[in-house]
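Peer 1: This is the structure I want to talk about, given as structure tokens.
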Amino acid sequence: MLKENRYPNSESLVREFRRIAVEEELEIDCSRKTILRDMKTLEFEFQCPLAFDRARNGYYLKRHDWDFIAPALLDENEMLASVIGARISEDIFPSPLKNRIRNAVDYLLQNHNPDFLDTANLASLTILSGLYIQLDREIFMKIFETWQTHRTVKIAYADYRGHLTERVFEPHTLVFYNNSWYSKGFCRLKKQPRTFALHRIRSAEPLPEHFTPDEKIIRSVTVDDFLGFEKVRNVKLKITEMLRDVLAARPLHSRQSFLPDGTVEIPAVSREILFPFLLAQQGLAELLEPAGLRQEFQEMLRTMLAVYETAPISSPETR
């Protein structure tokens, strides 16, 4: 918990151990005095760089290079989580990070031989939503390490038009979204939060200056408002029963609601998300409200139709 910057304190740890004791049926329940005593043991016997943050009411590590050396005694569930996690990492992380994760799991397997490996064929565990876009390995690792160590980084970033700008960036988050890696943080040039696609970063130079992670930026990373597109509120669609299952599996908003009359109400959604969805449904989803957005979508359809009405159709002989 300290390594993950979760700021545990004696009360939260007592609750956590009590939960484990109940759920795992382990004799791990303890008191606050035990926790405080263990914290002193970590600090003085194991040279743990421990400190207490009064604002967050929890302990944290002043240096994250400290390691607690202890034998890993993992049960089968923990080994299963490690092996599956390594399998997933092979599909979403570029090298060399995925190799580090795989090597760590291989090291654990040297001292453990879980029964599930005798029956499970992990080659049949398939991740279809993987990393398909080409990432520069060196740039990815520089962004990853500056995110990990809370250091600023100077980047050269190309927008979707190819225009290149230099930014000093604080990578507060690292996000795998829609088969690509992004980082949302604070841009010193624009003096406000920005989201950068890692595949558009042309160069990255870590800087010595550190930053404090911004909880507001971190909490803003949600499926409803990640890329920061302008949202249209109170959208209503008429859909077929088949599309109800599609939207339940891949919602346009986490708080969308299905009504008995075959419509769905969406609290907010961007045009960049909604319009491609409507086009893909080929008329099985109808945009009802708001009226202005419906008219805007109609104009876009007319423009598209005009292109296809005027474009020449080539015959097989002239192709």
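Quick note on naming: the chains in the structure tokens go A, B, ... in the order shown, residues restart at 1 in each chain, and ligands are numbered from 1 in order of appearance.
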What are the closest atom pairs, with distances in Å to one decimal, for each residue of region 126-162 of chain A lying within 8 Å of region 191-205 of chain A, using only C-alpha atoms, rows by chain and rising residue number, as a tab-separated table?
Peer 2:
residue	atom	partner	partner_atom	distance
A:Ile133	CA	A:His199	CA	7.4
A:Gln134	CA	A:His199	CA	7.0
A:Leu135	CA	A:His199	CA	5.4
A:Asp136	CA	A:His199	CA	7.2
A:Ile139	CA	A:Ala204	CA	5.8
A:Phe140	CA	A:Leu198	CA	7.0
A:Lys142	CA	A:Ala204	CA	6.7
A:Ile143	CA	A:Ala204	CA	7.3
A:Val153	CA	A:Glu205	CA	5.5
A:Lys154	CA	A:Glu205	CA	5.1
A:Ile155	CA	A:Ala204	CA	4.5
A:Ala156	CA	A:Ser203	CA	5.2
A:Tyr157	CA	A:Ile201	CA	4.6
A:Ala158	CA	A:Arg200	CA	5.4
A:Asp159	CA	A:Arg200	CA	7.0
Peer 1: Using only C-alpha atoms, determine which residues lie at most 12 Å from Gln47 (chain A), disregarding the query and same-chain residues fewer than 6 positions distant; provide the list as JSON, numbers by chain.
Peer 2: {"A": [39, 40, 41, 61, 62, 63, 65, 66, 67, 68, 69]}
Peer 1: To test your reading of the structure, identify every residue in region 25-238 of chain A that backbone DSSP assigns to helix (DSSP H, G or I), and report it as a PyMOL selection string.
Peer 2: chain A and resi 32-45+76-92+97-111+116-119+122-124+137-149+198-200+215-219
Peer 1: Within 12 Å of Leu128 (chain A), counting only C-alpha atoms, which residues show up once you throw out same-chain ones fewer than 5 positions away? Write them as a tab-separated table (two decimals) with N, CA and C atoms, in the first residue's frame, please.
Peer 2:
chain	number	residue	atom	x	y	z
A	88	ILE	N	-1.69	-10.61	-19.74
A	88	ILE	CA	-2.35	-9.41	-20.26
A	88	ILE	C	-1.31	-8.35	-20.63
A	90	GLU	N	1.56	-8.65	-21.81
A	90	GLU	CA	2.21	-8.93	-23.08
A	90	GLU	C	1.46	-8.31	-24.26
A	91	ASP	N	0.15	-8.06	-24.08
A	91	ASP	CA	-0.66	-7.52	-25.17
A	91	ASP	C	-0.84	-6.01	-25.11
A	92	ILE	N	-0.66	-5.41	-23.93
A	92	ILE	CA	-0.92	-3.97	-23.84
A	92	ILE	C	0.32	-3.13	-23.57
A	178	ASN	N	-8.92	2.53	-25.42
A	178	ASN	CA	-9.27	2.29	-26.82
A	178	ASN	C	-8.04	1.83	-27.64
A	179	ASN	N	-7.32	0.87	-27.08
A	179	ASN	CA	-6.16	0.24	-27.74
A	179	ASN	C	-4.96	1.16	-27.91
Peer 1: Would you mind listing, for every residue of region 182-272 of chain A within 9 Å of region 286-307 of chain A, the two atoms forming the shortest contact and the distance between them in Å to one decimal, using only C-alpha atoms, sorted by chain and ascending residue number, as a tab-separated table?
Peer 2:
residue	atom	partner	partner_atom	distance
A:Val232	CA	A:Leu293	CA	8.2
A:Arg233	CA	A:Pro290	CA	8.3
A:Asn234	CA	A:Pro290	CA	7.1
A:Val235	CA	A:Glu289	CA	5.3
A:Lys236	CA	A:Glu289	CA	5.0
A:Leu237	CA	A:Leu287	CA	4.7
A:Lys238	CA	A:Glu286	CA	5.0
A:Ile239	CA	A:Glu286	CA	6.5
A:Arg271	CA	A:Leu293	CA	8.8
Peer 1: Counting only C-alpha atoms, what is within 10 Å of Ser254 (chain A), bar same-chain residues fewer than 4 positions away, as JSON, numbers by chain?
Peer 2: {"A": [222, 223, 224, 248, 250, 266, 267, 268]}
Peer 1: Residues of the last selection are to be written out with all heavy atoms, as a PDB file, in the first residue's frame.
Peer 2:
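Below is the file that was written, out-v7.pdb:
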ATOM      1  N   THR A 222     -11.993   9.184 -16.404  1.00  0.00           N
ATOM      2  CA  THR A 222     -13.126   8.268 -16.396  1.00  0.00           C
ATOM      3  C   THR A 222     -13.522   7.972 -17.840  1.00  0.00           C
ATOM      4  O   THR A 222     -13.143   8.709 -18.766  1.00  0.00           O
ATOM      5  CB  THR A 222     -14.340   8.863 -15.659  1.00  0.00           C
ATOM      6  OG1 THR A 222     -14.837   9.990 -16.406  1.00  0.00           O
ATOM      7  CG2 THR A 222     -13.972   9.314 -14.253  1.00  0.00           C
ATOM      8  N   VAL A 223     -14.278   6.916 -18.037  1.00  0.00           N
ATOM      9  CA  VAL A 223     -14.719   6.575 -19.399  1.00  0.00           C
ATOM     10  C   VAL A 223     -15.673   7.631 -19.951  1.00  0.00           C
ATOM     11  O   VAL A 223     -15.842   7.744 -21.169  1.00  0.00           O
ATOM     12  CB  VAL A 223     -15.406   5.192 -19.422  1.00  0.00           C
ATOM     13  CG1 VAL A 223     -14.408   4.102 -19.092  1.00  0.00           C
ATOM     14  CG2 VAL A 223     -16.577   5.139 -18.444  1.00  0.00           C
ATOM     15  N   ASP A 224     -16.315   8.407 -19.088  1.00  0.00           N
ATOM     16  CA  ASP A 224     -17.272   9.405 -19.552  1.00  0.00           C
ATOM     17  C   ASP A 224     -16.608  10.687 -20.038  1.00  0.00           C
ATOM     18  O   ASP A 224     -17.184  11.415 -20.839  1.00  0.00           O
ATOM     19  CB  ASP A 224     -18.258   9.754 -18.428  1.00  0.00           C
ATOM     20  CG  ASP A 224     -19.112   8.569 -18.036  1.00  0.00           C
ATOM     21  OD1 ASP A 224     -19.349   7.708 -18.889  1.00  0.00           O
ATOM     22  OD2 ASP A 224     -19.531   8.502 -16.859  1.00  0.00           O
ATOM     23  N   ALA A 248     -25.527  -1.841 -23.636  1.00  0.00           N
ATOM     24  CA  ALA A 248     -25.282  -2.338 -22.276  1.00  0.00           C
ATOM     25  C   ALA A 248     -23.837  -2.810 -22.140  1.00  0.00           C
ATOM     26  O   ALA A 248     -23.215  -2.638 -21.091  1.00  0.00           O
ATOM     27  CB  ALA A 248     -26.253  -3.471 -21.946  1.00  0.00           C
ATOM     28  N   ARG A 250     -21.250  -1.808 -24.253  1.00  0.00           N
ATOM     29  CA  ARG A 250     -20.338  -0.684 -24.513  1.00  0.00           C
ATOM     30  C   ARG A 250     -21.124   0.620 -24.403  1.00  0.00           C
ATOM     31  O   ARG A 250     -21.526   1.218 -25.410  1.00  0.00           O
ATOM     32  CB  ARG A 250     -19.705  -0.820 -25.902  1.00  0.00           C
ATOM     33  CG  ARG A 250     -18.908  -2.093 -26.090  1.00  0.00           C
ATOM     34  CD  ARG A 250     -18.133  -2.094 -27.370  1.00  0.00           C
ATOM     35  NE  ARG A 250     -17.100  -1.048 -27.380  1.00  0.00           N
ATOM     36  CZ  ARG A 250     -16.272  -0.836 -28.396  1.00  0.00           C
ATOM     37  NH1 ARG A 250     -16.379  -1.565 -29.488  1.00  0.00           N
ATOM     38  NH2 ARG A 250     -15.369   0.104 -28.344  1.00  0.00           N
ATOM     39  N   ILE A 266     -29.137   9.506 -22.379  1.00  0.00           N
ATOM     40  CA  ILE A 266     -27.703   9.606 -22.131  1.00  0.00           C
ATOM     41  C   ILE A 266     -27.428  10.971 -21.504  1.00  0.00           C
ATOM     42  O   ILE A 266     -27.688  12.007 -22.130  1.00  0.00           O
ATOM     43  CB  ILE A 266     -26.916   9.448 -23.449  1.00  0.00           C
ATOM     44  CG1 ILE A 266     -27.307   8.114 -24.116  1.00  0.00           C
ATOM     45  CG2 ILE A 266     -25.430   9.516 -23.213  1.00  0.00           C
ATOM     46  CD1 ILE A 266     -26.905   8.038 -25.559  1.00  0.00           C
ATOM     47  N   PRO A 267     -26.909  11.009 -20.278  1.00  0.00           N
ATOM     48  CA  PRO A 267     -26.699  12.303 -19.600  1.00  0.00           C
ATOM     49  C   PRO A 267     -25.814  13.260 -20.390  1.00  0.00           C
ATOM     50  O   PRO A 267     -26.102  14.455 -20.449  1.00  0.00           O
ATOM     51  CB  PRO A 267     -26.047  11.905 -18.274  1.00  0.00           C
ATOM     52  CG  PRO A 267     -26.472  10.488 -18.045  1.00  0.00           C
ATOM     53  CD  PRO A 267     -26.565   9.877 -19.416  1.00  0.00           C
ATOM     54  N   ALA A 268     -24.750  12.756 -20.994  1.00  0.00           N
ATOM     55  CA  ALA A 268     -23.849  13.620 -21.773  1.00  0.00           C
ATOM     56  C   ALA A 268     -22.986  12.745 -22.666  1.00  0.00           C
ATOM     57  O   ALA A 268     -22.550  11.672 -22.260  1.00  0.00           O
ATOM     58  CB  ALA A 268     -22.972  14.455 -20.845  1.00  0.00           C
TER      59      ALA A 268
END
Peer 1: For the atom pair CA of Ala285 (chain A) and CA of Phe176 (chain A), what is the interatomic distance in Å to one decimal place?
Peer 2: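 So the two atoms, CA of Ala285 (chain A) and CA of Phe176 (chain A), lie 28.6 Å apart.
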Peer 1: So that I can see what lies close to Glu145 (chain A), please list as a PyMOL selection string the residues with an atom at most 12 Å from it, counting only C-alpha atoms and leaving out residues fewer than 6 positions away in the same chain.
Peer 2: chain A and resi 97+138-139+151-153+170-174+204-207
Peer 1: Between A:Pro8, A:Glu23, A:Val83, A:Arg255, which residue has the minimum interatomic distance to Ala51 (chain A), considering only C-alpha atoms?
Peer 2: A:Pro8
Peer 1: Check the smallest atom-to-atom distance from each of A:Asp29, A:Asp225, A:Pro260, A:Phe93 to Tyr132 (chain A) using only C-alpha atoms, then report the winner.
Peer 2: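 Using only C-alpha atoms, the shortest distance to Tyr132 (chain A) belongs to A:Phe93.
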